[in-house]
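Listing of input26.pdb; format and content: PDB, C-alpha atoms and all ligand atoms.
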```pdb
ATOM      1  CA  MET A 479    -131.232 167.650   6.136  1.00  0.00           C
ATOM      2  CA  ALA A 480    -132.054 163.996   6.410  1.00  0.00           C
ATOM      3  CA  ASN A 481    -129.637 162.046   8.389  1.00  0.00           C
ATOM      4  CA  PHE A 482    -129.604 158.596   6.785  1.00  0.00           C
ATOM      5  CA  PHE A 483    -126.045 157.817   7.513  1.00  0.00           C
ATOM      6  CA  ARG A 484    -125.815 157.829  11.190  1.00  0.00           C
ATOM      7  CA  LYS A 485    -122.725 155.774  11.490  1.00  0.00           C
ATOM      8  CA  ARG A 486    -121.778 154.741  14.907  1.00  0.00           C
ATOM      9  CA  LYS A 487    -118.266 155.816  15.400  1.00  0.00           C
ATOM     10  CA  ARG A 488    -117.301 153.661  18.243  1.00  0.00           C
ATOM     11  CA  THR A 489    -113.936 152.112  17.922  1.00  0.00           C
ATOM     12  CA  PRO A 490    -112.681 149.843  20.625  1.00  0.00           C
ATOM     13  CA  GLY A 491    -109.665 150.865  22.604  1.00  0.00           C
ATOM     14  CA  PRO A 492    -108.661 154.200  24.054  1.00  0.00           C
ATOM     15  CA  ASN A 493    -110.376 157.269  22.635  1.00  0.00           C
ATOM     16  CA  LYS A 494    -108.583 160.232  21.168  1.00  0.00           C
ATOM     17  CA  ASN A 495    -108.266 162.041  24.448  1.00  0.00           C
ATOM     18  CA  GLU A 496    -106.874 159.040  26.203  1.00  0.00           C
ATOM     19  CA  LEU A 497    -104.342 158.540  23.428  1.00  0.00           C
ATOM     20  CA  LYS A 498    -103.334 162.140  23.731  1.00  0.00           C
ATOM     21  CA  VAL A 499    -102.760 161.673  27.424  1.00  0.00           C
ATOM     22  CA  MET A 500    -100.769 158.516  26.827  1.00  0.00           C
ATOM     23  CA  ARG A 501     -98.634 160.174  24.185  1.00  0.00           C
ATOM     24  CA  GLY A 502     -98.320 163.295  26.268  1.00  0.00           C
ATOM     25  CA  ARG A 503     -96.563 161.514  29.054  1.00  0.00           C
ATOM     26  CA  ASP A 504     -93.148 162.172  27.654  1.00  0.00           C
ATOM     27  CA  PRO A 505     -92.779 164.056  24.416  1.00  0.00           C
ATOM     28  CA  HIS A 506     -89.116 163.096  24.170  1.00  0.00           C
ATOM     29  CA  GLN A 507     -89.792 159.424  24.323  1.00  0.00           C
ATOM     30  CA  SER A 508     -88.851 157.738  21.089  1.00  0.00           C
ATOM     31  CA  ARG A 509     -90.339 154.569  19.742  1.00  0.00           C
ATOM     32  CA  LEU A 510     -88.504 151.299  20.090  1.00  0.00           C
ATOM     33  CA  GLN A 511     -88.065 150.848  16.346  1.00  0.00           C
ATOM     34  CA  ASP A 512     -86.664 154.355  15.938  1.00  0.00           C
ATOM     35  CA  ARG A 513     -84.235 154.036  18.746  1.00  0.00           C
ATOM     36  CA  PHE A 514     -83.253 150.397  18.362  1.00  0.00           C
ATOM     37  CA  PRO A 515     -83.984 149.422  14.768  1.00  0.00           C
ATOM     38  CA  SER A 516     -82.381 146.024  15.265  1.00  0.00           C
ATOM     39  CA  VAL A 517     -84.648 145.068  18.166  1.00  0.00           C
ATOM     40  CA  GLU A 518     -87.942 143.458  17.199  1.00  0.00           C
ATOM     41  CA  LYS A 519     -89.201 142.852  20.670  1.00  0.00           C
ATOM     42  CA  LEU A 520     -88.016 143.675  24.113  1.00  0.00           C
ATOM     43  CA  SER A 521     -89.277 142.327  27.379  1.00  0.00           C
ATOM     44  CA  ILE A 522     -88.151 143.318  30.815  1.00  0.00           C
ATOM     45  CA  HIS A 523     -88.902 141.567  34.045  1.00  0.00           C
ATOM     46  CA  PHE A 524     -88.493 143.656  37.168  1.00  0.00           C
ATOM     47  CA  SER A 525     -88.524 142.212  40.626  1.00  0.00           C
ATOM     48  CA  PHE A 526     -88.086 144.171  43.806  1.00  0.00           C
ATOM     49  CA  ALA A 527     -87.014 143.033  47.212  1.00  0.00           C
ATOM     50  CA  THR A 528     -86.127 144.681  50.484  1.00  0.00           C
ATOM     51  CA  ASP A 529     -82.551 144.701  51.675  1.00  0.00           C
ATOM     52  CA  ARG A 530     -83.523 141.641  53.712  1.00  0.00           C
ATOM     53  CA  GLY A 531     -84.616 139.793  50.635  1.00  0.00           C
ATOM     54  CA  GLN A 532     -88.372 140.057  51.121  1.00  0.00           C
ATOM     55  CA  LEU A 533     -90.158 140.291  47.789  1.00  0.00           C
ATOM     56  CA  LEU A 534     -91.936 143.622  47.323  1.00  0.00           C
ATOM     57  CA  GLY A 535     -93.317 143.242  43.874  1.00  0.00           C
ATOM     58  CA  GLU A 536     -92.777 142.193  40.314  1.00  0.00           C
ATOM     59  CA  GLU A 537     -93.537 143.731  36.995  1.00  0.00           C
ATOM     60  CA  ASP A 538     -93.300 142.509  33.442  1.00  0.00           C
ATOM     61  CA  ARG A 539     -93.138 144.838  30.518  1.00  0.00           C
ATOM     62  CA  VAL A 540     -93.139 143.998  26.865  1.00  0.00           C
ATOM     63  CA  TYR A 541     -92.193 146.536  24.250  1.00  0.00           C
ATOM     64  CA  SER A 542     -92.978 146.154  20.581  1.00  0.00           C
ATOM     65  CA  ALA A 543     -91.629 148.212  17.706  1.00  0.00           C
ATOM     66  CA  ASP A 544     -94.235 150.933  18.155  1.00  0.00           C
ATOM     67  CA  ASP A 545     -93.951 151.316  21.901  1.00  0.00           C
ATOM     68  CA  GLY A 546     -92.207 154.198  23.587  1.00  0.00           C
ATOM     69  CA  CYS A 547     -88.834 153.632  25.192  1.00  0.00           C
ATOM     70  CA  ASP A 548     -89.633 154.218  28.812  1.00  0.00           C
ATOM     71  CA  PHE A 549     -87.274 152.063  30.817  1.00  0.00           C
ATOM     72  CA  ARG A 550     -87.865 153.637  34.183  1.00  0.00           C
ATOM     73  CA  VAL A 551     -89.655 151.989  37.018  1.00  0.00           C
ATOM     74  CA  GLU A 552     -90.627 153.412  40.365  1.00  0.00           C
ATOM     75  CA  CYS A 553     -89.114 152.018  43.498  1.00  0.00           C
ATOM     76  CA  PRO A 554     -91.772 150.308  45.630  1.00  0.00           C
ATOM     77  CA  GLY A 555     -89.597 150.576  48.716  1.00  0.00           C
ATOM     78  CA  ARG A 556     -89.715 152.830  51.746  1.00  0.00           C
ATOM     79  CA  CYS A 557     -88.326 155.902  49.993  1.00  0.00           C
ATOM     80  CA  GLY A 558     -91.503 156.517  48.001  1.00  0.00           C
ATOM     81  CA  SER A 559     -89.578 158.567  45.487  1.00  0.00           C
ATOM     82  CA  GLY A 560     -86.846 156.423  43.993  1.00  0.00           C
ATOM     83  CA  VAL A 561     -86.814 155.631  40.305  1.00  0.00           C
ATOM     84  CA  PHE A 562     -84.727 152.949  38.676  1.00  0.00           C
ATOM     85  CA  SER A 563     -83.763 153.339  35.063  1.00  0.00           C
ATOM     86  CA  VAL A 564     -82.423 150.438  33.065  1.00  0.00           C
ATOM     87  CA  GLU A 565     -82.083 152.536  29.961  1.00  0.00           C
ATOM     88  CA  LYS A 566     -78.317 152.383  29.890  1.00  0.00           C
ATOM     89  CA  LYS A 567     -78.325 148.613  30.137  1.00  0.00           C
ATOM     90  CA  VAL A 568     -80.909 148.304  27.380  1.00  0.00           C
ATOM     91  CA  ASP A 569     -78.713 150.543  25.268  1.00  0.00           C
ATOM     92  CA  GLU A 570     -75.643 148.414  25.862  1.00  0.00           C
ATOM     93  CA  SER A 571     -77.462 145.153  25.279  1.00  0.00           C
ATOM     94  CA  ALA A 572     -79.012 146.376  22.059  1.00  0.00           C
ATOM     95  CA  ASN A 573     -75.653 147.531  20.769  1.00  0.00           C
ATOM     96  CA  ALA A 574     -73.973 144.284  21.716  1.00  0.00           C
ATOM     97  CA  ARG A 575     -76.959 142.232  20.473  1.00  0.00           C
ATOM     98  CA  LEU A 576     -77.260 140.382  23.745  1.00  0.00           C
ATOM     99  CA  PRO A 577     -80.456 138.319  23.886  1.00  0.00           C
ATOM    100  CA  VAL A 578     -80.517 138.198  27.671  1.00  0.00           C
ATOM    101  CA  THR A 579     -79.077 140.614  30.198  1.00  0.00           C
ATOM    102  CA  GLU A 580     -79.493 140.521  33.931  1.00  0.00           C
ATOM    103  CA  LEU A 581     -78.719 143.254  36.349  1.00  0.00           C
ATOM    104  CA  SER A 582     -79.415 144.359  39.845  1.00  0.00           C
ATOM    105  CA  ALA A 583     -79.410 147.766  41.435  1.00  0.00           C
ATOM    106  CA  THR A 584     -80.008 149.150  44.891  1.00  0.00           C
ATOM    107  CA  CYS A 585     -82.103 152.205  45.622  1.00  0.00           C
ATOM    108  CA  ALA A 586     -79.972 154.886  47.240  1.00  0.00           C
ATOM    109  CA  GLN A 587     -82.754 157.313  48.105  1.00  0.00           C
ATOM    110  CA  SER A 588     -83.118 158.267  51.720  1.00  0.00           C
ATOM    111  CA  ILE A 589     -86.339 157.089  53.298  1.00  0.00           C
ATOM    112  CA  GLY A 590     -87.428 160.544  54.317  1.00  0.00           C
ATOM    113  CA  ALA A 591     -86.439 164.174  54.471  1.00  0.00           C
ATOM    114  CA  GLY A 592     -83.573 164.609  56.864  1.00  0.00           C
ATOM    115  CA  SER A 593     -83.135 160.892  57.315  1.00  0.00           C
ATOM    116  CA  SER A 594     -79.771 159.384  56.673  1.00  0.00           C
ATOM    117  CA  GLU A 595     -81.186 155.897  56.319  1.00  0.00           C
ATOM    118  CA  LEU A 596     -81.260 154.718  52.764  1.00  0.00           C
ATOM    119  CA  CYS A 597     -84.087 152.831  51.132  1.00  0.00           C
ATOM    120  CA  GLY A 598     -81.959 149.861  50.142  1.00  0.00           C
ATOM    121  CA  CYS A 599     -84.657 148.291  47.979  1.00  0.00           C
ATOM    122  CA  VAL A 600     -83.044 145.911  45.511  1.00  0.00           C
ATOM    123  CA  LEU A 601     -84.125 145.717  41.907  1.00  0.00           C
ATOM    124  CA  LYS A 602     -83.381 142.583  39.958  1.00  0.00           C
ATOM    125  CA  CYS A 603     -84.017 142.889  36.325  1.00  0.00           C
ATOM    126  CA  ARG A 604     -83.897 140.588  33.341  1.00  0.00           C
ATOM    127  CA  ILE A 605     -83.882 142.115  29.893  1.00  0.00           C
ATOM    128  CA  GLU A 606     -84.714 139.919  26.937  1.00  0.00           C
ATOM    129  CA  MET A 607     -84.420 141.019  23.371  1.00  0.00           C
ATOM    130  CA  ARG A 608     -85.346 139.535  20.070  1.00  0.00           C
ATOM    131  CA  PHE A 609     -83.310 140.921  17.241  1.00  0.00           C
ATOM    132  CA  ALA A 610     -84.146 141.306  13.619  1.00  0.00           C
ATOM    133  CA  PRO A 611     -81.931 139.071  11.514  1.00  0.00           C
ATOM    134  CA  GLU A 612     -78.775 140.798  10.427  1.00  0.00           C
ATOM    135  CA  PRO A 613     -78.344 141.266   6.716  1.00  0.00           C
ATOM    136  CA  VAL A 614     -76.195 138.391   5.574  1.00  0.00           C
ATOM    137  CA  ALA A 615     -73.431 139.025   3.071  1.00  0.00           C
ATOM    138  CA  ALA A 616     -72.049 135.780   1.698  1.00  0.00           C
ATOM    139  CA  PRO A 617     -72.665 132.479   3.414  1.00  0.00           C
ATOM    140  CA  GLU A 618     -69.505 131.156   4.966  1.00  0.00           C
ATOM    141  CA  PRO A 619     -68.471 127.670   3.912  1.00  0.00           C
ATOM    142  CA  ALA A 620     -69.063 125.154   6.646  1.00  0.00           C
ATOM    143  CA  PRO A 621     -65.843 123.997   8.291  1.00  0.00           C
ATOM    144  CA  VAL A 622     -64.830 120.549   7.160  1.00  0.00           C
ATOM    145  CA  ASP A 623     -63.726 118.157   9.850  1.00  0.00           C
ATOM    146  CA  PRO A 624     -60.459 116.383   9.099  1.00  0.00           C
ATOM    147  CA  PRO A 625     -60.971 112.646   8.595  1.00  0.00           C
ATOM    148  CA  PRO A 626     -60.363 110.669  11.780  1.00  0.00           C
ATOM    149  CA  ALA A 627     -56.882 109.269  12.098  1.00  0.00           C
ATOM    150  CA  PRO A 628     -56.734 105.550  11.524  1.00  0.00           C
TER     151      PRO A 628
HETATM  152 ZN    ZN B 701     -86.328 153.189  47.132  1.00  0.00          ZN
END
```

Mind converting the file's structure to structure tokens?
Ligand SMILES: [Zn+2]
Amino acid sequence: MANFFRKRKRTPGPNKNELKVMRGRDPHQSRLQDRFPSVEKLSIHFSFATDRGQLLGEEDRVYSADDGCDFRVECPGRCGSGVFSVEKKVDESANARLPVTELSATCAQSIGAGSSELCGCVLKCRIEMRFAPEPVAAPEPAPVDPPPAP
């Protein structure tokens, strides 16, 4: 059989296997638009510092409608095992339609097996959300200022 149509099937971006791996990370992870239909875009800035205030690292994440809702971030501190999750805060902010939320949290993992010393790494986090416009019912009449007294 002649093979005239040798199309090159090379699409840019991750291949099927890579996508499978990416999707396979957490089968329970829902997409942003499924979980928070009112949120068009979500960005989170994480910054980590030691308990003495020394900066350990920063990370920016941007989530669009199609992205999975993974709001966990690993602690870069001495514990090596701590995980911060800002999921609850994202939940609250989305429900309250807050465009900007800031929070901080301290890692309470011990720094090693049998050690009573805690990691103490401090996460500072800024969550920004862009919301889809709410369906408007009837436009409210603009308030009329009373005429200035003579
Ligand atoms: Zn930690």

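Omitting range 553-570 of chain A and its sequence neighbours fewer than 6 positions away, and counting only C-alpha atoms, the residues within 7 Å are Leu534, Cys585, Gln587, Ser588, Ile589, Gly590, Cys597 and Cys599 of chain A.
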
Proximity check range 570-595 of chain A to range 603-621 of chain A, 9 Å, nearest pairs one decimal Å, all atoms listed in the file, as CSV:
```
residue,atom,partner,partner_atom,distance
A:Ser571,CA,A:Met607,CA,8.3
A:Ala572,CA,A:Met607,CA,7.7
A:Arg575,CA,A:Phe609,CA,7.2
A:Leu576,CA,A:Met607,CA,7.2
A:Pro577,CA,A:Met607,CA,4.8
A:Val578,CA,A:Glu606,CA,4.6
A:Thr579,CA,A:Ile605,CA,5.0
A:Glu580,CA,A:Arg604,CA,4.4
A:Leu581,CA,A:Cys603,CA,5.3
A:Ser582,CA,A:Cys603,CA,6.0
A:Ala583,CA,A:Cys603,CA,8.4
```

Suppose we keep C-alpha atoms; can you now write the selection as a PDB file, in the frame of the given file?
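Once written, out08.pdb looks like this:
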```pdb
ATOM      1  CA  SER A 571     -77.462 145.153  25.279  1.00  0.00           C
ATOM      2  CA  ALA A 572     -79.012 146.376  22.059  1.00  0.00           C
ATOM      3  CA  ARG A 575     -76.959 142.232  20.473  1.00  0.00           C
ATOM      4  CA  LEU A 576     -77.260 140.382  23.745  1.00  0.00           C
ATOM      5  CA  PRO A 577     -80.456 138.319  23.886  1.00  0.00           C
ATOM      6  CA  VAL A 578     -80.517 138.198  27.671  1.00  0.00           C
ATOM      7  CA  THR A 579     -79.077 140.614  30.198  1.00  0.00           C
ATOM      8  CA  GLU A 580     -79.493 140.521  33.931  1.00  0.00           C
ATOM      9  CA  LEU A 581     -78.719 143.254  36.349  1.00  0.00           C
ATOM     10  CA  SER A 582     -79.415 144.359  39.845  1.00  0.00           C
ATOM     11  CA  ALA A 583     -79.410 147.766  41.435  1.00  0.00           C
TER      12      ALA A 583
END
```

(request) To one decimal in Å, tell me the separation between CA of Cys547 in chain A and CA of Arg509 in chain A. (result) 5.7 Å

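Minimum distance to ligand ZN 701 (chain B) across A:Ile522, A:Ala591, A:Leu596, A:Ala627 (counting all atoms listed in the file) occurs at A:Leu596.
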
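Picture a line from CA of His523 in chain A to CA of Lys602 in chain A; it runs 8.2 Å.
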
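For the atom pair formed by CA of Asp538 in chain A and CA of Thr584 in chain A, the distance is 18.8 Å, given to one decimal.
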
(message) For a quick check of understanding, using only C-alpha atoms and all ligand atoms, which of A:Ser542, A:Ser593, A:Thr528, A:Gln507 has the smallest distance to ligand ZN 701 (chain B)?
(response) A:Thr528

Return as JSON the centre and edge lengths, in Å with one decimal, of the box along x, y and z that encloses every atom of range 614-623 of chain A in the file, padded by 6 Å per side.
```
{"center_x": -70.0, "center_y": 128.6, "center_z": 5.8, "size_x": 24.5, "size_y": 32.9, "size_z": 20.2}
```

Excluding same-chain residues fewer than 5 positions from Glu536 in chain A, what lies within 7 Å of it counting all atoms listed in the file, as a PDB file with C-alpha atoms, in the coordinates of the input?
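Result file is around.pdb:
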```
ATOM      1  CA  PHE A 524     -88.493 143.656  37.168  1.00  0.00           C
ATOM      2  CA  SER A 525     -88.524 142.212  40.626  1.00  0.00           C
ATOM      3  CA  PHE A 526     -88.086 144.171  43.806  1.00  0.00           C
TER       4      PHE A 526
END
```

Distance query Asn573 in chain A at most 10 Å, all atoms listed in the file, self and fewer than 6 positions along chain excluded, as a PDB file with C-alpha atoms, keeping the file's coordinate frame:
```pdb
ATOM      1  CA  PHE A 514     -83.253 150.397  18.362  1.00  0.00           C
ATOM      2  CA  SER A 516     -82.381 146.024  15.265  1.00  0.00           C
ATOM      3  CA  VAL A 517     -84.648 145.068  18.166  1.00  0.00           C
ATOM      4  CA  LYS A 567     -78.325 148.613  30.137  1.00  0.00           C
TER       5      LYS A 567
END
```
